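Colleague: One structure, pasted below without further comment.
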Amino acid sequence: MNGKDDFKIIGKPIPRHDAWEKAFGLTTYAADFSLPDMLHGKVLRSKYPSAKILSIDTTKAKRLKGVQAVLTAKDVPRNESVTRFGQTHTVGGGFEGLYRVLADNKVHFLGEAVALVAADTEEIALKALDLIKVEYEPIPGVFDPIEAMNPNAPQVQEGRSNIITHYEVVRGDVEKGFSEADVVVENTYRVQFVDHAYMEPESGVAWIDENGVITIRVSTQVIEHFRGIADVLNLPHNRVRVIGTYVGGGFGGKEDITVEAFLALLTYKTGRPVKLTYTREESILSHSKRHPYVMEYKTGAKKDGRLIALKARLVSDAGAYVYLSPWVLLYSMVDAPGPYRIPHVRVDGYTVLTNNTFTSANRGFGAPQVCFAYESQMDELARRLQMDPAEIRKINYLEKGEALATGQVLNHLVALKETTDQVLQVLGEKPLSKGKIRIGRGIASGMTSYGRMIFLHDTSRSHVSIEMDGSVTIRTGVQDIGGGQASSLCQIASEVLGVPLDHIKIYIADTALTPFAGTTTATRQLYMSGNATLIAAQEVRKTLIQKAARMMDLDPERLNLVDREVVDQGGSGKNLPLTEVIKACASDGLPLYHVALFKAPFRTLTQFERIEGDVFPDFTFGTHGVVVAVDEETGKVQVLKIVSCFDVGRAINRLSVEGQIEGGAIYGMGYALTEEVILKEGITLTPSFSEYLLPTSMDLPELETLLIESGDGVGPFGSKGVGEPSVCSVAPAIANAIYDAVGIRINELPLTPERILKALRKEENDENPLSRHR
Amino acid sequence: MSKTKLYPLKININGVWKKAKVAPEESLLKVLREKLGHTEVKEGCGKGDCGACAVLLNGKPVNACLTLALQADQQKVVTVKGIGTPDRPHPLQESFVKRGAIQCGFCTAGMLVSAKNLLDENPNPSRDEIKKAISGNLCRCTGYKKIIEAIEEAAQKIRQTIYDKR
């Protein structure tokens, strides 16, 4: 392992190249791009969460001047297809969700797409929507996942059970475990629908290029949906090209197809360029949400605090379409017991169709939901055993070499004792409460995987070349969603090739021109494309060093690339300008480029119900500590401080890593306190940012970010992913702090003033004075 | 279809006078983006909740989505491109980049407009004053901390410049 000081570029807080363009307003986001003769697309959406479509009359809309196309399900060459979410390997077992472009004879949730319009102006397109006459017959729907599991419940998708998947994780004998427990804590936890609320709504422009290729320039986390889009049009895959823009926030919401298929259809039918941008309301009503879960947890421990048994039953609300629900549930299954040593475990998980807005990926992907439950349980156990919450965790944290309940052995450092100690140290002494304002402190730890599930057989490619003047070009299909995905790769190439950052250019996210790098999801890009870029740069370096060694008549082992020179580190004082070596390589016809393929570990699954063995390449571990002030009169919670500590393996770019962790802390705080997409009988009651409440600068607590750099990750230079892990344990830390402040435990997110007040009043009315713990 | 009457609009954007024909109900945001090519002004919600479209109208920050284009007739508008350029960056733009205050960048244009207005009025703001000044600008990526630190750094640099000039 290299010591930190050996690096020139890695680990430094270096501004990203894309930040400059963004600061000057020069970045062309998806909606900022236009073409001559461009049409404007709009989507007609269902007004009911559950209804039959009796008829659709588009005659009047088509007659409106300026309308160029009105499309319904019958106009879609392949309206129903199987979506693969970017991977090329066929997994089976329900791992490919049904995708329907436009509703045909039934609508399954409010806001489902029913028809598409393309018109000369946006105003005409909107008028045309009003002129489309859809005759609906509302039919009973089901809006609660537990009710939807009942065999007599209305069937959401015809011909299939509402229960999409059942998984189980089993270790030891859980009933035997509980019989040996000295204390057992049993609770039911509920978490809510959450919107991604990226500042940039879904958007793209499509056109047909001079070669007849349908080209879609779109804000997406997954350019490799081009295959699915081509399938919708019944075209060969090489007739659809997707170009990814710099994305104005993704958080999992631009992981599924958004506007792409609509755009492709409209441009294919009209032959003209088309732009389609969702309104904010449309985004909240009709696009995916974070899964709500109902989580029944039973945890048992010995008197000394050792965990002995954990039983959990998870039910997630998939909404009206499958999308990524089985995958999200699978993450929850692996993470459900938490990062703890528990000999007896049984987890059952179900994901269930309802007539609610469909749910899919959202930052954390099933990990934050179960973390809220298992970390609330840990504090409850601590209280029952009169132990310190940090102490009971430290007794039970898994260590390197131990196995999860699934049997996956943790082959890399589990730095949880360290992250918790550091958090406690920085959290400091608890401030004193004043009057009705009660102060509390809480901690929570979490585990989140990075890299995709290994049975997806994930790969990434990166092309690195060096030009005649010594400048470097990287080409790779990564999508940059604001996490610094592109600029981290530049740093890696800069480090390996000894070329300054401003001499490196990167081309990203183009299915026709950049090698496939997979999705910008699952906290995988630094791990996967970072490694691919590292390998590619190392191969180019090898070519240069070997040629230079012959030119300098020195052992290649002695040579290093430093600031565009080949330098002898053996003390001869010899050096050679890099351009001389490049020229010589070119004359000899040596490759001044390399395209590298990086493969994650692969595994083939033979059965899907019982989750056993290795599932993920690795995990990121961390702890959050918070201080809250709870107003006993109003129930309002103010978070005063959040301390985050993660083992990041190695911080490739300190600014980016801190940025992810700080942003994740506030993303988690919103999840804990204010954010909820409220659905009543399938109707969205929170269609804008006036009702859906995001944290603002006024809510900002003191934020402290602590990094541990173990160098023991599977990413380049020993790095780990942090984008999603940064959210995981914020909500339970806040819930635990509220308990510390006022002695009440709310098992339902968000922790609103109404819920807290109600619980406080219930406590006051309780006869038993001991029920309230201080 | 009845044709809406269009009215002439003359507007000074970042120091350059521009003309367009606009409908009475058209927002300043729509006209800036679609008729005058100023796509650096972003639309995040279209109803005044997010601040992504903030511009300075006669030196005061407004949400362009809630401002009628004709309200800006004969007036001065400054967008993020008017705050500074790659050749002549404003201290705020430099500090936003160097302090990691920009991730996806979609809120940045509006955020910089609010910050510029704050520092024009008060080159020595407290942390609370900064929080208040950007409270109408939502950011989903950064958690605001680095944005606030960047504004503090720029303020310090601006104060130093004022001091040096004296």
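Quick note on naming: the chains in the structure tokens go A, B, ... in the order shown, residues restart at 1 in each chain, and ligands are numbered from 1 in order of appearance.
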Find the residues near segment 141-145 of chain A: any atom within 10 Å, counting only C-alpha atoms, skip ones fewer than 2 places away on the same chain, and give them as a count of residues only.
Modeller: 40
Colleague: Report as a count of residues only all protein, DNA and RNA residues lying within 6 Å of segment 32-47 of chain B, evaluated on only C-alpha atoms, omitting residues in the same chain fewer than 2 positions from it.
Modeller: 12
Colleague: Rounded to one decimal place, report the atom CA of Gly338 of chain A-atom CA of Ser445 of chain A distance in Å.
Modeller: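 Taking atom CA of Gly338 of chain A and atom CA of Ser445 of chain A, their separation equals 8.4 Å.
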Colleague: Residues of chain B within 7 Å of chain A: nearest atom pair and distance (Å, one decimal) for each, counting only C-alpha atoms, sorted by chain and number, as JSON lines?
Modeller:
{"residue": "B:Thr39", "atom": "CA", "partner": "A:Asp32", "partner_atom": "CA", "distance": 5.4}
{"residue": "B:Glu40", "atom": "CA", "partner": "A:Gly25", "partner_atom": "CA", "distance": 4.8}
{"residue": "B:Gly44", "atom": "CA", "partner": "A:Met199", "partner_atom": "CA", "distance": 5.4}
{"residue": "B:Cys45", "atom": "CA", "partner": "A:Arg280", "partner_atom": "CA", "distance": 5.0}
{"residue": "B:Asp49", "atom": "CA", "partner": "A:Phe689", "partner_atom": "CA", "distance": 5.8}
{"residue": "B:Val80", "atom": "CA", "partner": "A:Gly25", "partner_atom": "CA", "distance": 6.1}
{"residue": "B:Lys81", "atom": "CA", "partner": "A:Phe24", "partner_atom": "CA", "distance": 5.7}
{"residue": "B:Gly84", "atom": "CA", "partner": "A:Phe24", "partner_atom": "CA", "distance": 6.9}
{"residue": "B:Thr85", "atom": "CA", "partner": "A:Phe24", "partner_atom": "CA", "distance": 6.0}
{"residue": "B:Pro86", "atom": "CA", "partner": "A:Phe24", "partner_atom": "CA", "distance": 6.9}
{"residue": "B:Gln93", "atom": "CA", "partner": "A:Ala23", "partner_atom": "CA", "distance": 5.5}
{"residue": "B:Val97", "atom": "CA", "partner": "A:Ala19", "partner_atom": "CA", "distance": 5.6}
{"residue": "B:Lys98", "atom": "CA", "partner": "A:Pro15", "partner_atom": "CA", "distance": 5.3}
{"residue": "B:Gly100", "atom": "CA", "partner": "A:Leu655", "partner_atom": "CA", "distance": 5.6}
{"residue": "B:Ile102", "atom": "CA", "partner": "A:Ala19", "partner_atom": "CA", "distance": 5.9}
{"residue": "B:Gln103", "atom": "CA", "partner": "A:Gly482", "partner_atom": "CA", "distance": 4.5}
{"residue": "B:Cys104", "atom": "CA", "partner": "A:Gly482", "partner_atom": "CA", "distance": 3.6}
{"residue": "B:Gly105", "atom": "CA", "partner": "A:Lys22", "partner_atom": "CA", "distance": 5.5}
{"residue": "B:Phe106", "atom": "CA", "partner": "A:Gly248", "partner_atom": "CA", "distance": 5.1}
{"residue": "B:Cys107", "atom": "CA", "partner": "A:Met199", "partner_atom": "CA", "distance": 6.7}
{"residue": "B:Thr108", "atom": "CA", "partner": "A:Ala23", "partner_atom": "CA", "distance": 6.5}
{"residue": "B:Ala109", "atom": "CA", "partner": "A:Gly25", "partner_atom": "CA", "distance": 6.3}
{"residue": "B:Lys131", "atom": "CA", "partner": "A:Ser697", "partner_atom": "CA", "distance": 5.3}
{"residue": "B:Lys132", "atom": "CA", "partner": "A:Met698", "partner_atom": "CA", "distance": 6.5}
{"residue": "B:Ile134", "atom": "CA", "partner": "A:Ser697", "partner_atom": "CA", "distance": 6.7}
{"residue": "B:Ser135", "atom": "CA", "partner": "A:Ser697", "partner_atom": "CA", "distance": 5.2}
{"residue": "B:Leu138", "atom": "CA", "partner": "A:Thr696", "partner_atom": "CA", "distance": 6.0}
{"residue": "B:Arg140", "atom": "CA", "partner": "A:Tyr198", "partner_atom": "CA", "distance": 6.1}
{"residue": "B:Cys141", "atom": "CA", "partner": "A:Gly663", "partner_atom": "CA", "distance": 5.2}
{"residue": "B:Thr142", "atom": "CA", "partner": "A:Gly663", "partner_atom": "CA", "distance": 4.3}
{"residue": "B:Gly143", "atom": "CA", "partner": "A:Gly663", "partner_atom": "CA", "distance": 4.1}
{"residue": "B:Tyr144", "atom": "CA", "partner": "A:Ser697", "partner_atom": "CA", "distance": 6.0}
Colleague: Could you write those residues out with N, CA and C atoms, as a CSV table (one decimal), in the first residue's frame?
Modeller:
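Written file, result.csv:
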chain,number,residue,atom,x,y,z
B,39,THR,N,-30.0,30.3,-21.6
B,39,THR,CA,-30.3,29.0,-20.9
B,39,THR,C,-29.5,28.8,-19.6
B,40,GLU,N,-28.6,29.7,-19.3
B,40,GLU,CA,-27.9,29.6,-18.0
B,40,GLU,C,-28.9,29.8,-16.8
B,44,GLY,N,-36.4,24.9,-12.2
B,44,GLY,CA,-36.4,23.8,-11.4
B,44,GLY,C,-37.8,23.4,-10.9
B,45,CYS,N,-38.7,24.4,-10.9
B,45,CYS,CA,-40.1,24.1,-10.4
B,45,CYS,C,-41.1,25.0,-11.1
B,49,ASP,N,-40.6,28.0,-5.9
B,49,ASP,CA,-40.2,27.2,-4.7
B,49,ASP,C,-38.7,26.9,-4.6
B,80,VAL,N,-26.2,34.7,-14.1
B,80,VAL,CA,-24.9,34.2,-13.6
B,80,VAL,C,-23.8,34.6,-14.6
B,81,LYS,N,-24.1,34.7,-15.9
B,81,LYS,CA,-23.1,35.0,-16.9
B,81,LYS,C,-22.7,36.5,-16.7
B,84,GLY,N,-19.8,37.1,-13.7
B,84,GLY,CA,-18.3,37.0,-14.0
B,84,GLY,C,-18.2,36.0,-15.2
B,85,THR,N,-17.0,36.1,-15.8
B,85,THR,CA,-16.7,35.2,-16.9
B,85,THR,C,-15.4,34.5,-16.7
B,86,PRO,N,-15.1,33.4,-17.5
B,86,PRO,CA,-13.8,32.7,-17.3
B,86,PRO,C,-12.6,33.7,-17.4
B,93,GLN,N,-17.5,33.1,-7.8
B,93,GLN,CA,-17.4,31.9,-8.8
B,93,GLN,C,-16.1,31.1,-8.5
B,97,VAL,N,-16.0,27.2,-6.9
B,97,VAL,CA,-15.3,26.1,-7.5
B,97,VAL,C,-14.3,25.5,-6.5
B,98,LYS,N,-13.5,26.4,-5.9
B,98,LYS,CA,-12.4,25.9,-5.1
B,98,LYS,C,-12.8,25.3,-3.8
B,100,GLY,N,-15.6,23.5,-3.4
B,100,GLY,CA,-16.4,22.3,-3.6
B,100,GLY,C,-17.9,22.6,-3.4
B,102,ILE,N,-20.0,23.3,-5.7
B,102,ILE,CA,-20.7,22.9,-6.9
B,102,ILE,C,-20.7,21.4,-7.1
B,103,GLN,N,-21.8,20.7,-7.1
B,103,GLN,CA,-21.8,19.3,-7.5
B,103,GLN,C,-22.5,19.2,-8.8
B,104,CYS,N,-23.8,18.9,-8.8
B,104,CYS,CA,-24.5,18.8,-10.1
B,104,CYS,C,-24.6,20.1,-10.8
B,105,GLY,N,-24.6,21.2,-10.0
B,105,GLY,CA,-24.5,22.6,-10.6
B,105,GLY,C,-25.8,23.2,-11.0
B,106,PHE,N,-26.9,22.5,-10.9
B,106,PHE,CA,-28.2,23.0,-11.4
B,106,PHE,C,-28.7,24.1,-10.6
B,107,CYS,N,-28.4,24.2,-9.3
B,107,CYS,CA,-28.8,25.3,-8.4
B,107,CYS,C,-27.8,26.4,-8.5
B,108,THR,N,-26.6,26.2,-9.0
B,108,THR,CA,-25.5,27.1,-8.9
B,108,THR,C,-25.8,28.5,-9.4
B,109,ALA,N,-26.5,28.6,-10.6
B,109,ALA,CA,-26.7,29.9,-11.2
B,109,ALA,C,-27.6,30.8,-10.3
B,131,LYS,N,-27.1,32.3,5.5
B,131,LYS,CA,-28.1,31.2,5.4
B,131,LYS,C,-29.4,31.8,5.0
B,132,LYS,N,-29.8,33.0,5.5
B,132,LYS,CA,-31.0,33.6,5.2
B,132,LYS,C,-31.0,34.1,3.7
B,134,ILE,N,-29.6,32.8,1.2
B,134,ILE,CA,-29.8,31.7,0.2
B,134,ILE,C,-30.9,30.7,0.6
B,135,SER,N,-31.8,31.2,1.5
B,135,SER,CA,-32.8,30.2,2.0
B,135,SER,C,-33.9,29.9,0.9
B,138,LEU,N,-32.9,26.2,-3.2
B,138,LEU,CA,-32.7,24.8,-2.8
B,138,LEU,C,-31.5,24.2,-3.5
B,140,ARG,N,-29.8,20.2,-3.6
B,140,ARG,CA,-30.1,18.8,-3.2
B,140,ARG,C,-28.8,18.0,-3.0
B,141,CYS,N,-27.7,18.6,-3.5
B,141,CYS,CA,-26.4,17.8,-3.5
B,141,CYS,C,-25.5,18.1,-2.3
B,142,THR,N,-25.3,19.3,-2.1
B,142,THR,CA,-24.1,19.7,-1.2
B,142,THR,C,-24.4,19.7,0.3
B,143,GLY,N,-25.7,19.8,0.7
B,143,GLY,CA,-25.9,20.0,2.1
B,143,GLY,C,-25.6,21.4,2.6
B,144,TYR,N,-25.4,22.3,1.6
B,144,TYR,CA,-25.2,23.8,1.8
B,144,TYR,C,-23.9,24.2,2.5
Colleague: Run DSSP on the backbone and grab whatever in chain B lands in helix (DSSP H, G or I); send it over as a compact mmCIF listing (two decimals) with N, CA and C atoms, in the first residue's frame.
Modeller:
# COMPACT_ATOMS: atom_id res chain seq x y z
N LEU B 28 -40.65 35.88 -17.39
CA LEU B 28 -39.29 36.32 -17.72
C LEU B 28 -38.40 35.09 -17.96
N LEU B 29 -38.63 34.04 -17.17
CA LEU B 29 -37.83 32.83 -17.31
C LEU B 29 -37.98 32.22 -18.71
N LYS B 30 -39.21 32.11 -19.16
CA LYS B 30 -39.46 31.50 -20.47
C LYS B 30 -38.84 32.34 -21.58
N VAL B 31 -38.98 33.65 -21.45
CA VAL B 31 -38.45 34.53 -22.49
C VAL B 31 -36.92 34.50 -22.48
N LEU B 32 -36.34 34.53 -21.29
CA LEU B 32 -34.87 34.46 -21.21
C LEU B 32 -34.35 33.17 -21.85
N ARG B 33 -34.98 32.06 -21.50
CA ARG B 33 -34.48 30.76 -21.96
C ARG B 33 -34.82 30.49 -23.43
N GLU B 34 -36.05 30.80 -23.81
CA GLU B 34 -36.50 30.33 -25.12
C GLU B 34 -36.44 31.38 -26.21
N LYS B 35 -36.49 32.67 -25.85
CA LYS B 35 -36.47 33.69 -26.90
C LYS B 35 -35.16 34.45 -26.96
N ALA B 64 -37.24 34.38 -11.75
CA ALA B 64 -37.67 34.75 -13.10
C ALA B 64 -38.96 34.03 -13.49
N CYS B 65 -39.25 32.90 -12.84
CA CYS B 65 -40.48 32.17 -13.19
C CYS B 65 -41.71 32.88 -12.67
N LEU B 66 -41.56 33.72 -11.65
CA LEU B 66 -42.70 34.43 -11.08
C LEU B 66 -42.78 35.88 -11.57
N ALA B 69 -42.39 38.73 -18.16
CA ALA B 69 -41.33 39.29 -19.00
C ALA B 69 -41.53 40.79 -19.17
N LEU B 70 -42.79 41.19 -19.35
CA LEU B 70 -43.04 42.62 -19.61
C LEU B 70 -42.77 43.50 -18.39
N GLN B 71 -42.75 42.88 -17.20
CA GLN B 71 -42.35 43.65 -16.01
C GLN B 71 -40.89 44.08 -16.10
N ALA B 72 -40.13 43.36 -16.91
CA ALA B 72 -38.70 43.67 -17.03
C ALA B 72 -38.42 44.56 -18.23
N VAL B 80 -26.24 34.69 -14.12
CA VAL B 80 -24.94 34.21 -13.63
C VAL B 80 -23.82 34.58 -14.61
N LYS B 81 -24.14 34.66 -15.90
CA LYS B 81 -23.11 35.02 -16.87
C LYS B 81 -22.69 36.48 -16.74
N GLY B 82 -23.55 37.28 -16.13
CA GLY B 82 -23.21 38.69 -15.92
C GLY B 82 -22.43 38.91 -14.64
N ILE B 83 -22.39 37.92 -13.80
CA ILE B 83 -21.65 38.06 -12.53
C ILE B 83 -20.15 37.99 -12.79
N PRO B 91 -15.16 36.78 -7.46
CA PRO B 91 -14.63 35.99 -6.33
C PRO B 91 -15.56 34.87 -5.88
N LEU B 92 -16.86 35.10 -6.02
CA LEU B 92 -17.82 34.04 -5.64
C LEU B 92 -17.68 32.82 -6.55
N GLN B 93 -17.51 33.06 -7.84
CA GLN B 93 -17.38 31.92 -8.77
C GLN B 93 -16.11 31.13 -8.46
N GLU B 94 -15.04 31.86 -8.16
CA GLU B 94 -13.79 31.17 -7.81
C GLU B 94 -13.93 30.38 -6.52
N SER B 95 -14.55 30.99 -5.53
CA SER B 95 -14.63 30.28 -4.24
C SER B 95 -15.62 29.12 -4.32
N PHE B 96 -16.69 29.25 -5.10
CA PHE B 96 -17.62 28.12 -5.27
C PHE B 96 -16.88 26.93 -5.87
N VAL B 97 -16.05 27.18 -6.86
CA VAL B 97 -15.32 26.08 -7.50
C VAL B 97 -14.29 25.50 -6.53
N LYS B 98 -13.51 26.36 -5.92
CA LYS B 98 -12.39 25.90 -5.10
C LYS B 98 -12.81 25.27 -3.79
N THR B 108 -26.64 26.19 -9.05
CA THR B 108 -25.53 27.13 -8.91
C THR B 108 -25.85 28.53 -9.45
N ALA B 109 -26.48 28.58 -10.63
CA ALA B 109 -26.74 29.88 -11.24
C ALA B 109 -27.59 30.76 -10.32
N GLY B 110 -28.64 30.17 -9.75
CA GLY B 110 -29.50 30.92 -8.85
C GLY B 110 -28.82 31.22 -7.53
N MET B 111 -28.06 30.24 -7.06
CA MET B 111 -27.36 30.39 -5.78
C MET B 111 -26.37 31.55 -5.87
N LEU B 112 -25.63 31.63 -6.98
CA LEU B 112 -24.64 32.69 -7.15
C LEU B 112 -25.31 34.06 -7.23
N VAL B 113 -26.49 34.11 -7.85
CA VAL B 113 -27.22 35.38 -7.95
C VAL B 113 -27.61 35.86 -6.56
N SER B 114 -28.13 34.96 -5.73
CA SER B 114 -28.52 35.35 -4.37
C SER B 114 -27.30 35.78 -3.55
N ALA B 115 -26.20 35.03 -3.73
CA ALA B 115 -24.98 35.35 -2.98
C ALA B 115 -24.40 36.69 -3.43
N LYS B 116 -24.43 36.92 -4.73
CA LYS B 116 -23.91 38.20 -5.26
C LYS B 116 -24.69 39.37 -4.68
N ASN B 117 -26.02 39.24 -4.64
CA ASN B 117 -26.85 40.30 -4.09
C ASN B 117 -26.51 40.54 -2.63
N LEU B 118 -26.31 39.45 -1.87
CA LEU B 118 -25.97 39.58 -0.45
C LEU B 118 -24.67 40.38 -0.30
N LEU B 119 -23.64 39.98 -1.04
CA LEU B 119 -22.33 40.62 -0.85
C LEU B 119 -22.31 42.05 -1.39
N ASP B 120 -23.15 42.34 -2.40
CA ASP B 120 -23.27 43.72 -2.86
C ASP B 120 -23.80 44.61 -1.75
N GLU B 121 -24.75 44.04 -0.99
CA GLU B 121 -25.39 44.85 0.06
C GLU B 121 -24.61 44.81 1.37
N ARG B 127 -22.77 34.30 9.43
CA ARG B 127 -23.21 33.00 8.91
C ARG B 127 -24.75 32.95 8.80
N ASP B 128 -25.42 33.50 9.79
CA ASP B 128 -26.89 33.48 9.75
C ASP B 128 -27.42 34.33 8.60
N GLU B 129 -26.75 35.47 8.36
CA GLU B 129 -27.19 36.31 7.24
C GLU B 129 -27.00 35.59 5.90
N ILE B 130 -25.92 34.83 5.80
CA ILE B 130 -25.70 34.05 4.57
C ILE B 130 -26.79 32.99 4.41
N LYS B 131 -27.06 32.27 5.50
CA LYS B 131 -28.10 31.24 5.43
C LYS B 131 -29.43 31.84 4.98
N LYS B 132 -29.75 33.00 5.52
CA LYS B 132 -31.02 33.64 5.19
C LYS B 132 -31.03 34.06 3.72
N ALA B 133 -29.90 34.58 3.26
CA ALA B 133 -29.84 35.09 1.88
C ALA B 133 -30.05 33.99 0.85
N LYS B 145 -23.27 23.32 3.24
CA LYS B 145 -22.14 23.77 4.06
C LYS B 145 -21.06 24.42 3.20
N LYS B 146 -20.67 23.73 2.13
CA LYS B 146 -19.58 24.26 1.32
C LYS B 146 -20.00 25.52 0.57
N ILE B 147 -21.30 25.67 0.30
CA ILE B 147 -21.79 26.89 -0.34
C ILE B 147 -21.61 28.07 0.63
N ILE B 148 -21.99 27.84 1.87
CA ILE B 148 -21.88 28.92 2.87
C ILE B 148 -20.40 29.28 3.08
N GLU B 149 -19.56 28.27 3.17
CA GLU B 149 -18.12 28.53 3.33
C GLU B 149 -17.55 29.29 2.13
N ALA B 150 -18.04 28.95 0.94
CA ALA B 150 -17.55 29.64 -0.26
C ALA B 150 -17.97 31.11 -0.24
N ILE B 151 -19.18 31.38 0.22
CA ILE B 151 -19.64 32.78 0.29
C ILE B 151 -18.81 33.54 1.31
N GLU B 152 -18.51 32.89 2.43
CA GLU B 152 -17.67 33.55 3.45
C GLU B 152 -16.29 33.87 2.88
N GLU B 153 -15.75 32.92 2.13
CA GLU B 153 -14.40 33.14 1.57
C GLU B 153 -14.41 34.29 0.56
N ALA B 154 -15.45 34.30 -0.29
CA ALA B 154 -15.54 35.37 -1.29
C ALA B 154 -15.73 36.73 -0.61
N ALA B 155 -16.53 36.75 0.45
CA ALA B 155 -16.76 38.00 1.18
C ALA B 155 -15.45 38.55 1.72
N GLN B 156 -14.66 37.62 2.26
CA GLN B 156 -13.37 38.04 2.83
C GLN B 156 -12.48 38.62 1.74
N LYS B 157 -12.49 37.98 0.57
CA LYS B 157 -11.65 38.45 -0.53
C LYS B 157 -12.12 39.82 -1.02
N ILE B 158 -13.44 39.99 -1.07
CA ILE B 158 -13.99 41.27 -1.53
C ILE B 158 -13.63 42.37 -0.53
N ARG B 159 -13.74 42.06 0.76
CA ARG B 159 -13.38 43.06 1.79
C ARG B 159 -11.91 43.45 1.67
N GLN B 160 -11.08 42.45 1.40
CA GLN B 160 -9.64 42.70 1.25
C GLN B 160 -9.39 43.64 0.06
N THR B 161 -10.13 43.39 -1.04
CA THR B 161 -9.98 44.23 -2.23
C THR B 161 -10.38 45.67 -1.93
N ILE B 162 -11.53 45.80 -1.21
CA ILE B 162 -12.00 47.14 -0.86
C ILE B 162 -10.95 47.83 0.01
N TYR B 163 -10.40 47.07 0.96
CA TYR B 163 -9.40 47.60 1.89
C TYR B 163 -8.15 48.05 1.12
N ASP B 164 -7.73 47.18 0.17
CA ASP B 164 -6.52 47.47 -0.60
C ASP B 164 -6.67 48.74 -1.44
N LYS B 165 -7.91 48.97 -1.92
CA LYS B 165 -8.14 50.13 -2.78
C LYS B 165 -8.06 51.44 -1.99
Colleague: Could you pull the residues within 9 Å of Thr533 of chain A, counting only C-alpha atoms, minus those fewer than 2 positions along the same chain, as a compact mmCIF listing (two decimals) with C-alpha atoms, in the first residue's frame?
Modeller:
# COMPACT_ATOMS: atom_id res chain seq x y z
CA ARG A 461 -14.48 -0.11 -19.84
CA SER A 462 -12.25 2.90 -20.19
CA HIS A 463 -10.09 4.10 -23.06
CA VAL A 464 -7.00 6.14 -22.23
CA ILE A 474 -10.04 9.54 -21.61
CA THR A 476 -15.56 6.17 -21.10
CA LEU A 489 -11.05 9.53 -13.46
CA CYS A 490 -8.94 12.47 -14.67
CA ILE A 492 -6.37 8.75 -11.63
CA ALA A 493 -4.94 9.15 -15.15
CA MET A 528 -15.66 0.05 -11.56
CA SER A 529 -14.66 2.79 -14.01
CA GLY A 530 -11.96 4.03 -11.64
CA ASN A 531 -10.34 0.61 -11.82
CA ILE A 535 -5.67 -0.28 -15.70
CA ALA A 536 -5.84 1.58 -19.03
CA ALA A 537 -3.53 4.34 -17.80
CA GLN A 538 -1.11 1.77 -16.36
CA VAL A 595 -8.93 0.19 -23.62
CA ALA A 596 -9.30 -1.69 -20.36
CA LEU A 597 -12.10 -3.93 -19.21
CA PHE A 598 -12.62 -4.18 -15.46
CA PRO A 716 -8.61 2.23 -7.24
Colleague: Going by DSSP on the backbone, which residues of chain B come out as strand (DSSP E or B)? List them as a PyMOL selection string.
Modeller: chain B and resi 7-13+16-22+27+54-57+60-63+68+76-78
Colleague: List the spatial neighbours of Val62 of chain B as a list in words - criterion: any atom at most 9 Å away, only C-alpha atoms, same-chain residues fewer than 5 positions off excluded.
Modeller: Gly51, Cys53, Ala54, Val55, Leu56, Leu57, Thr67 and Ser114 of chain B
Colleague: When you look at Val101 of chain A with a cut-off of 10 Å (counting only C-alpha atoms), what residues show up, excluding the ones that are within fewer than 4 positions of it in the same chain? I need them as an MDAnalysis selection string.
Modeller: chainID A and resid 72:73 76 78:81 112:115 229 232 257 261:262 265
Colleague: If we count only C-alpha atoms, what is near Ala20 of chain B at a cut-off of 7 Å, once residues fewer than 6 positions away on the same chain are taken out, given as JSON, numbers by chain?
Modeller: {"B": [8, 9, 10, 35]}
Colleague: Suppose you want the space between atom CA of Ile454 of chain A and atom CA of Leu416 of chain A; what is it in Å?
Modeller: 24.1 Å
Colleague: From the list A:Ala206, A:Leu39, A:Ile652, A:Leu310, which residue is nearest Gly244 of chain A when using only C-alpha atoms?
Modeller: A:Ala206
Colleague: At a cut-off of 8 Å, using only C-alpha atoms, what residues contact Leu266 of chain A? Leave out same-chain residues fewer than 2 positions from it and give the result as a list in words.
Modeller: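 Residues near the query, excluding close chain neighbours: Gly41, Ala69, Leu71, Leu116, Val117, Ala118, Phe262, Leu263, Ala264, Tyr268, Lys269, Thr270 and Val274 of chain A.
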